[in-house]
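Next comes protein-v5.json, with JSON, C-alpha atoms.
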[["chain", "number", "residue", "atom", "x", "y", "z"],
["U", 16, "MET", "CA", 4.77, -21.79, 14.34],
["U", 17, "LYS", "CA", 3.57, -18.33, 13.38],
["U", 18, "LYS", "CA", 7.11, -16.94, 13.40],
["U", 19, "VAL", "CA", 8.37, -19.87, 11.30],
["U", 20, "PHE", "CA", 5.64, -19.15, 8.72],
["U", 21, "PHE", "CA", 6.53, -15.47, 8.51],
["U", 22, "LEU", "CA", 10.26, -16.29, 8.38],
["U", 23, "ALA", "CA", 9.66, -18.57, 5.38],
["U", 24, "ILE", "CA", 7.58, -15.91, 3.67],
["U", 25, "ALA", "CA", 10.19, -13.25, 4.41],
["U", 26, "ILE", "CA", 13.01, -15.37, 2.92],
["U", 27, "THR", "CA", 10.97, -16.10, -0.20],
["U", 28, "ILE", "CA", 10.06, -12.45, -0.68],
["U", 29, "GLY", "CA", 13.62, -11.37, 0.02],
["U", 30, "VAL", "CA", 15.09, -13.61, -2.68],
["U", 31, "PHE", "CA", 12.42, -12.66, -5.24],
["U", 32, "TYR", "CA", 12.66, -8.97, -4.33],
["U", 33, "ALA", "CA", 16.47, -8.96, -4.64],
["U", 34, "CYS", "CA", 16.35, -10.54, -8.10],
["U", 35, "GLU", "CA", 13.68, -8.14, -9.34],
["U", 36, "ARG", "CA", 15.57, -5.10, -8.06],
["U", 37, "GLU", "CA", 18.44, -5.71, -10.49],
["U", 38, "THR", "CA", 16.33, -5.43, -13.63],
["U", 39, "VAL", "CA", 14.43, -2.43, -14.95],
["U", 40, "GLU", "CA", 11.80, -3.35, -17.52],
["U", 41, "GLU", "CA", 10.55, -0.96, -20.19],
["U", 42, "LYS", "CA", 6.80, -0.43, -19.68],
["U", 43, "THR", "CA", 4.42, 2.45, -20.21],
["U", 44, "GLU", "CA", 2.92, 2.51, -16.73],
["U", 45, "VAL", "CA", 3.59, 1.28, -13.22],
["U", 46, "GLU", "CA", 3.87, -2.48, -13.41],
["U", 47, "SER", "CA", 1.06, -4.72, -12.26],
["U", 48, "ILE", "CA", 1.35, -6.08, -8.76],
["U", 49, "GLU", "CA", 2.88, -9.51, -8.42],
["U", 50, "ALA", "CA", 0.57, -11.80, -6.43],
["U", 51, "ILE", "CA", 2.09, -13.92, -3.69],
["U", 52, "ASP", "CA", -1.05, -15.31, -2.12],
["U", 53, "VAL", "CA", -1.56, -17.75, 0.71],
["U", 54, "THR", "CA", -4.11, -20.42, -0.22],
["U", 55, "ASP", "CA", -5.81, -23.33, 1.50],
["U", 56, "ALA", "CA", -5.96, -26.95, 0.30],
["U", 57, "GLU", "CA", -8.71, -26.08, -2.20],
["U", 58, "GLY", "CA", -6.74, -23.19, -3.63],
["U", 59, "LYS", "CA", -8.95, -20.54, -2.07],
["U", 60, "ARG", "CA", -7.21, -17.42, -0.78],
["U", 61, "TYR", "CA", -7.95, -16.27, 2.72],
["U", 62, "GLY", "CA", -6.73, -13.77, 5.28],
["U", 63, "ARG", "CA", -5.77, -10.15, 4.72],
["U", 64, "CYS", "CA", -3.28, -8.68, 2.27],
["U", 65, "PHE", "CA", -0.61, -6.03, 2.31],
["U", 66, "TYR", "CA", 2.01, -4.84, -0.16],
["U", 67, "LEU", "CA", 5.77, -4.97, -0.33],
["U", 68, "ILE", "CA", 7.16, -2.01, -2.22],
["U", 69, "GLU", "CA", 10.29, -1.20, -4.18],
["U", 70, "PRO", "CA", 11.02, 2.50, -3.63],
["U", 71, "GLY", "CA", 11.90, 4.83, -6.51],
["U", 72, "LEU", "CA", 10.19, 7.04, -9.07],
["U", 73, "LYS", "CA", 8.72, 5.18, -12.07],
["U", 74, "PHE", "CA", 8.77, 7.38, -15.16],
["U", 75, "GLN", "CA", 8.56, 6.36, -18.82],
["U", 76, "GLY", "CA", 9.14, 2.76, -17.93],
["U", 77, "ARG", "CA", 12.29, 3.33, -15.92],
["U", 78, "CYS", "CA", 12.94, 3.28, -12.18],
["U", 79, "TYR", "CA", 14.90, 6.16, -10.67],
["U", 80, "SER", "CA", 15.85, 4.98, -7.17],
["U", 81, "THR", "CA", 17.11, 8.39, -6.02],
["U", 82, "PHE", "CA", 13.61, 9.91, -6.22],
["U", 83, "PRO", "CA", 10.72, 9.17, -3.81],
["U", 84, "SER", "CA", 7.68, 7.13, -4.92],
["U", 85, "ILE", "CA", 6.89, 3.49, -5.74],
["U", 86, "CYS", "CA", 8.50, 1.62, -8.63],
["U", 87, "LYS", "CA", 7.08, -1.82, -8.06],
["U", 88, "MET", "CA", 4.63, -3.48, -5.66],
["U", 89, "TYR", "CA", 4.13, -7.08, -4.60],
["U", 90, "LYS", "CA", 1.07, -8.43, -2.81],
["U", 91, "ILE", "CA", 1.23, -10.93, 0.04],
["U", 92, "CYS", "CA", -1.72, -12.30, 1.99],
["U", 93, "ILE", "CA", -1.63, -13.46, 5.61],
["U", 94, "PRO", "CA", -3.94, -16.28, 6.73],
["U", 95, "ASP", "CA", -6.09, -16.35, 9.86],
["U", 96, "ILE", "CA", -6.00, -12.59, 10.38],
["U", 97, "ILE", "CA", -9.44, -11.14, 9.76],
["U", 98, "TYR", "CA", -9.81, -7.50, 10.77],
["U", 99, "ASP", "CA", -11.73, -4.40, 9.89],
["U", 100, "PRO", "CA", -9.40, -1.55, 8.82],
["U", 101, "CYS", "CA", -11.94, 0.88, 10.29],
["U", 102, "TRP", "CA", -10.70, -0.18, 13.72],
["U", 103, "PHE", "CA", -7.45, 1.65, 12.97],
["U", 104, "VAL", "CA", -8.26, 4.45, 10.50],
["U", 105, "PRO", "CA", -11.33, 6.67, 10.00],
["U", 106, "CYS", "CA", -13.70, 5.20, 7.40],
["U", 107, "TRP", "CA", -16.56, 6.18, 5.08],
["U", 108, "ILE", "CA", -16.00, 9.90, 5.28],
["U", 109, "ASP", "CA", -18.19, 11.80, 2.81],
["U", 110, "ILE", "CA", -15.23, 13.61, 1.22],
["U", 111, "PHE", "CA", -13.70, 12.57, -2.09],
["U", 112, "ASP", "CA", -10.78, 14.98, -2.42],
["U", 113, "PRO", "CA", -7.58, 13.67, -0.77],
["U", 114, "TRP", "CA", -6.41, 17.19, 0.01],
["U", 115, "ILE", "CA", -9.64, 18.11, 1.78],
["U", 116, "ILE", "CA", -9.46, 14.88, 3.81],
["U", 117, "TYR", "CA", -5.88, 15.83, 4.67],
["U", 118, "GLU", "CA", -7.12, 19.13, 6.10],
["U", 119, "LYS", "CA", -10.10, 17.68, 7.99],
["U", 120, "ILE", "CA", -8.71, 14.55, 9.69],
["U", 121, "ASP", "CA", -6.73, 14.50, 12.92],
["U", 122, "PRO", "CA", -3.49, 12.51, 12.32],
["U", 123, "ARG", "CA", -3.95, 10.84, 15.73],
["U", 124, "GLU", "CA", -6.90, 8.91, 14.30],
["U", 125, "PHE", "CA", -4.48, 6.78, 12.27],
["U", 126, "ILE", "CA", -3.33, 3.93, 14.49],
["U", 127, "SER", "CA", -0.54, 1.55, 13.46],
["U", 128, "ILE", "CA", -2.21, -1.52, 11.91],
["U", 129, "LYS", "CA", 1.11, -3.36, 11.99],
["U", 130, "ASP", "CA", 1.64, -2.82, 15.71],
["U", 131, "LYS", "CA", -1.95, -3.41, 16.85],
["U", 132, "LEU", "CA", -2.17, -6.72, 14.96],
["U", 133, "GLU", "CA", 1.41, -7.62, 15.94],
["U", 134, "LEU", "CA", 2.24, -8.36, 12.32],
["U", 135, "ASP", "CA", 5.72, -9.74, 11.81],
["U", 136, "ILE", "CA", 6.43, -7.70, 8.68],
["U", 137, "ASP", "CA", 9.40, -5.62, 7.59],
["U", 138, "PRO", "CA", 8.61, -1.93, 8.21],
["U", 139, "GLU", "CA", 11.23, -0.99, 5.62],
["U", 140, "GLU", "CA", 9.23, -2.61, 2.79],
["U", 141, "ALA", "CA", 5.69, -3.31, 3.99],
["U", 142, "VAL", "CA", 2.73, -1.12, 3.08],
["U", 143, "ILE", "CA", -0.80, -1.88, 4.32],
["U", 144, "PRO", "CA", -3.74, -0.72, 2.16],
["U", 145, "PHE", "CA", -7.01, 0.61, 3.56],
["U", 146, "ALA", "CA", -10.04, 2.57, 2.34],
["U", 147, "LEU", "CA", -11.48, 5.80, 3.76],
["U", 148, "ASN", "CA", -14.49, 5.52, 1.46],
["U", 149, "GLU", "CA", -15.33, 3.97, -1.91],
["U", 150, "ARG", "CA", -13.24, 6.54, -3.81],
["U", 151, "ILE", "CA", -10.35, 7.20, -1.43],
["U", 152, "ALA", "CA", -7.69, 4.58, -0.76],
["U", 153, "GLY", "CA", -4.86, 4.76, 1.72],
["U", 154, "LEU", "CA", -1.47, 3.14, 2.11],
["U", 155, "GLN", "CA", -0.06, 2.93, 5.63],
["U", 156, "VAL", "CA", 3.71, 3.22, 5.42],
["U", 157, "TYR", "CA", 6.16, 2.65, 8.27],
["U", 158, "ASN", "CA", 9.31, 4.04, 6.69],
["U", 159, "GLU", "CA", 9.33, 7.36, 4.84],
["U", 160, "GLU", "CA", 12.70, 6.83, 3.17],
["U", 161, "GLY", "CA", 12.53, 6.16, -0.56],
["U", 162, "ILE", "CA", 8.78, 6.63, -1.03],
["U", 163, "LEU", "CA", 7.66, 9.96, 0.41],
["U", 164, "LYS", "CA", 8.66, 13.54, -0.21],
["U", 165, "GLY", "CA", 7.87, 15.23, 3.09],
["U", 166, "GLU", "CA", 4.10, 15.37, 3.41],
["U", 167, "THR", "CA", 3.45, 14.50, -0.23],
["U", 168, "PHE", "CA", 3.52, 11.36, -2.34],
["U", 169, "VAL", "CA", 4.33, 11.82, -6.04],
["U", 170, "ILE", "CA", 3.68, 9.46, -8.95],
["U", 171, "LYS", "CA", 4.55, 10.31, -12.55],
["U", 172, "GLU", "CA", 2.52, 7.52, -14.16],
["U", 173, "ASN", "CA", -0.74, 5.86, -13.21],
["U", 174, "LEU", "CA", -0.46, 3.44, -10.29],
["U", 175, "VAL", "CA", -2.62, 0.32, -10.59],
["U", 176, "LEU", "CA", -3.48, -1.23, -7.23],
["U", 177, "ASP", "CA", -4.37, -4.89, -6.90],
["U", 178, "ALA", "CA", -7.96, -5.33, -8.14],
["U", 179, "GLU", "CA", -8.92, -8.07, -5.67],
["U", 180, "VAL", "CA", -7.63, -6.19, -2.64],
["U", 181, "SER", "CA", -9.36, -3.01, -3.81],
["U", 182, "LYS", "CA", -12.71, -4.80, -4.13],
["U", 183, "GLU", "CA", -12.33, -6.39, -0.68],
["U", 184, "LEU", "CA", -11.75, -2.95, 0.81],
["U", 185, "GLY", "CA", -14.94, -1.65, -0.82],
["U", 186, "LEU", "CA", -13.21, 0.63, -3.32],
["U", 187, "GLN", "CA", -15.03, 1.35, -6.57],
["U", 188, "GLY", "CA", -11.78, 1.34, -8.54],
["U", 189, "ASN", "CA", -8.07, 0.58, -8.35],
["U", 190, "VAL", "CA", -6.38, 3.11, -10.65],
["U", 191, "VAL", "CA", -4.56, 6.06, -9.07],
["U", 192, "LYS", "CA", -3.88, 8.85, -11.54],
["U", 193, "ALA", "CA", -0.43, 10.39, -11.75],
["U", 194, "GLY", "CA", -0.03, 13.44, -9.54],
["U", 195, "GLU", "CA", 0.72, 14.59, -6.00],
["U", 196, "TYR", "CA", -1.14, 13.19, -3.00],
["U", 197, "PRO", "CA", -1.09, 14.14, 0.69],
["U", 198, "VAL", "CA", 0.43, 12.15, 3.53],
["U", 199, "ILE", "CA", -1.10, 12.18, 7.01],
["U", 200, "ILE", "CA", 1.65, 11.62, 9.56],
["U", 201, "ASN", "CA", 0.93, 10.32, 13.05],
["U", 202, "LYS", "CA", 4.15, 10.81, 14.97],
["U", 203, "GLU", "CA", 2.84, 8.91, 17.98],
["U", 204, "SER", "CA", 2.13, 5.70, 16.05],
["U", 205, "GLU", "CA", 5.02, 6.34, 13.64],
["U", 206, "THR", "CA", 2.78, 5.90, 10.60],
["U", 207, "PHE", "CA", 2.79, 7.72, 7.27],
["U", 208, "ASN", "CA", -0.65, 7.43, 5.67],
["U", 209, "VAL", "CA", -0.73, 8.15, 1.94],
["U", 210, "ILE", "CA", -4.19, 9.34, 0.83],
["U", 211, "LEU", "CA", -5.06, 8.43, -2.79],
["U", 212, "ALA", "CA", -8.01, 9.09, -5.08],
["U", 213, "VAL", "CA", -8.94, 5.95, -7.03],
["U", 214, "GLU", "CA", -10.78, 5.67, -10.32],
["U", 215, "LYS", "CA", -12.50, 2.74, -11.97],
["U", 216, "GLY", "CA", -10.28, 0.13, -13.50],
["U", 217, "PHE", "CA", -10.14, -3.39, -12.08],
["U", 218, "GLU", "CA", -8.48, -4.47, -15.32],
["U", 219, "ARG", "CA", -5.77, -6.38, -13.44]]
Give the structure from this file in structure tokens form.
Amino acid sequence: MKKVFFLAIAITIGVFYACERETVEEKTEVESIEAIDVTDAEGKRYGRCFYLIEPGLKFQGRCYSTFPSICKMYKICIPDIIYDPCWFVPCWIDIFDPWIIYEKIDPREFISIKDKLELDIDPEEAVIPFALNERIAGLQVYNEEGILKGETFVIKENLVLDAEVSKELGLQGNVVKAGEYPVIINKESETFNVILAVEKGFER
């Protein structure tokens, strides 16, 4: 039953994702995240969320697929999976500079959330968000192609993370300023962990 549910979700996302990929919209910043939530009979969302990403560099409203970064993100929530991200990544570190965190943390501390929870998600597109503290967010990536540039992640325009997911993770904001951010790579778990500084926003 679980596999049937994820298969249905995957087909839906695949169709929507394929249609969206063909059109580049003119906007001044990274587009807001499309919500594809799982709800109960009363319309209340439950479970945990992750992102599906469309690789490419977003700059001046256009997507350049030959450059690494994120052009568009979609949110999807999985029911009946309640977990604490701190089981898999170090949390609540009293450091607020992504580059200092990059220097201080052992990459082996980043365990694959996807593998440990046995999530049936596409490693080519799925990105799982987490928080290291209230001002540092992370994105656990399972495929470096199309999004990363070695051990750095580059965005040319502000990236707005999903406000609801950010609040659930305990982040004090959801806006990531344009710039370069470090990537902590755990070769053993095959994870690429993008470390981001977030600022207040929650406007979306």
List every protein, DNA or RNA residue that has an atom no more than 12 Å from (1.1, -4.5, 14.0) in the file's coordinate frame, counting all atoms listed in the file, and report them as a list of chain:residue names.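 Protein, DNA and RNA residues close to (1.1, -4.5, 14.0): U:Phe65, U:Ile96, U:Tyr98, U:Phe103, U:Ile126, U:Ser127, U:Ile128, U:Lys129, U:Asp130, U:Lys131, U:Leu132, U:Glu133, U:Leu134, U:Asp135, U:Ile136, U:Asp137, U:Pro138, U:Ala141, U:Val142, U:Ile143, U:Gln155, U:Val156, U:Tyr157, U:Ser204, U:Glu205, U:Thr206.
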So, with all atoms listed in the file as the atoms that count, which of U:Phe145, U:Lys119, U:Arg63, U:Cys78 lies closest to Cys101 of chain U? U:Phe145
Interatomic distance, atom CA of Leu176 of chain U to atom CA of Gly153 of chain U (Å, one decimal): 10.9 Å
Looking at U:Asp112, U:Glu118, U:Glu139, U:Glu159, which one is nearest to Asn208 of chain U, with distances taken over all atoms listed in the file?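 Between U:Asp112, U:Glu118, U:Glu139, U:Glu159, the residue approaching Asn208 of chain U most closely is U:Glu159.
One distance worth recording is that between atom CA of Leu67 of chain U and atom CA of Gly161 of chain U, which is 13.0 Å.
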Which neighbours of Ile85 of chain U fall inside 9 Å, counting only C-alpha atoms, when residues of the same chain fewer than 6 positions from it are skipped, and could you give them as JSON, numbers by chain? {"U": [45, 68, 69, 70, 71, 72, 73, 78, 161, 162, 163, 169, 170, 174]}
Would you list the residues near (-1.7, -8.5, 1.5), meaning any protein, DNA or RNA residue with an atom at most 7 Å from that point in file coordinates, counting only C-alpha atoms, as a CSV table (one decimal) with C-alpha atoms, keeping the file's coordinate frame?
chain,number,residue,atom,x,y,z
U,63,ARG,CA,-5.8,-10.2,4.7
U,64,CYS,CA,-3.3,-8.7,2.3
U,65,PHE,CA,-0.6,-6.0,2.3
U,66,TYR,CA,2.0,-4.8,-0.2
U,90,LYS,CA,1.1,-8.4,-2.8
U,91,ILE,CA,1.2,-10.9,0.0
U,92,CYS,CA,-1.7,-12.3,2.0
U,93,ILE,CA,-1.6,-13.5,5.6
Of the candidates U:Lys171, U:Val190, U:Ile200, U:Lys182, which shows the shortest atom-to-atom distance to Tyr79 of chain U, using only C-alpha atoms? U:Lys171
How many Å lie between atom CA of Val104 of chain U and atom CA of Leu186 of chain U, rounded to one decimal?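 Separating atom CA of Val104 of chain U from atom CA of Leu186 of chain U is a distance of 15.2 Å.
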Could you check which of U:Asp109, U:Glu140, U:Asp99, U:Asp121 is closest to Glu160 of chain U, using only C-alpha atoms?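 Closest to Glu160 of chain U of all the choices is U:Glu140.
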Please identify all polymer residues within 8 Å of Phe111 of chain U, counting all atoms listed in the file, omitting same-chain residues fewer than 5 positions from it, and present them as a VMD selection string. chain U and resid 116 148 150 to 151 212
Among listed residues U:Cys106, U:Ile120, U:Pro113, U:Leu211, nearest Ala152 of chain U (using only C-alpha atoms):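 Closest candidate: U:Leu211.
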Of U:Ser84, U:Pro100, U:Tyr89, U:Ile108, the one nearest to Tyr196 of chain U when counting only C-alpha atoms is U:Ser84
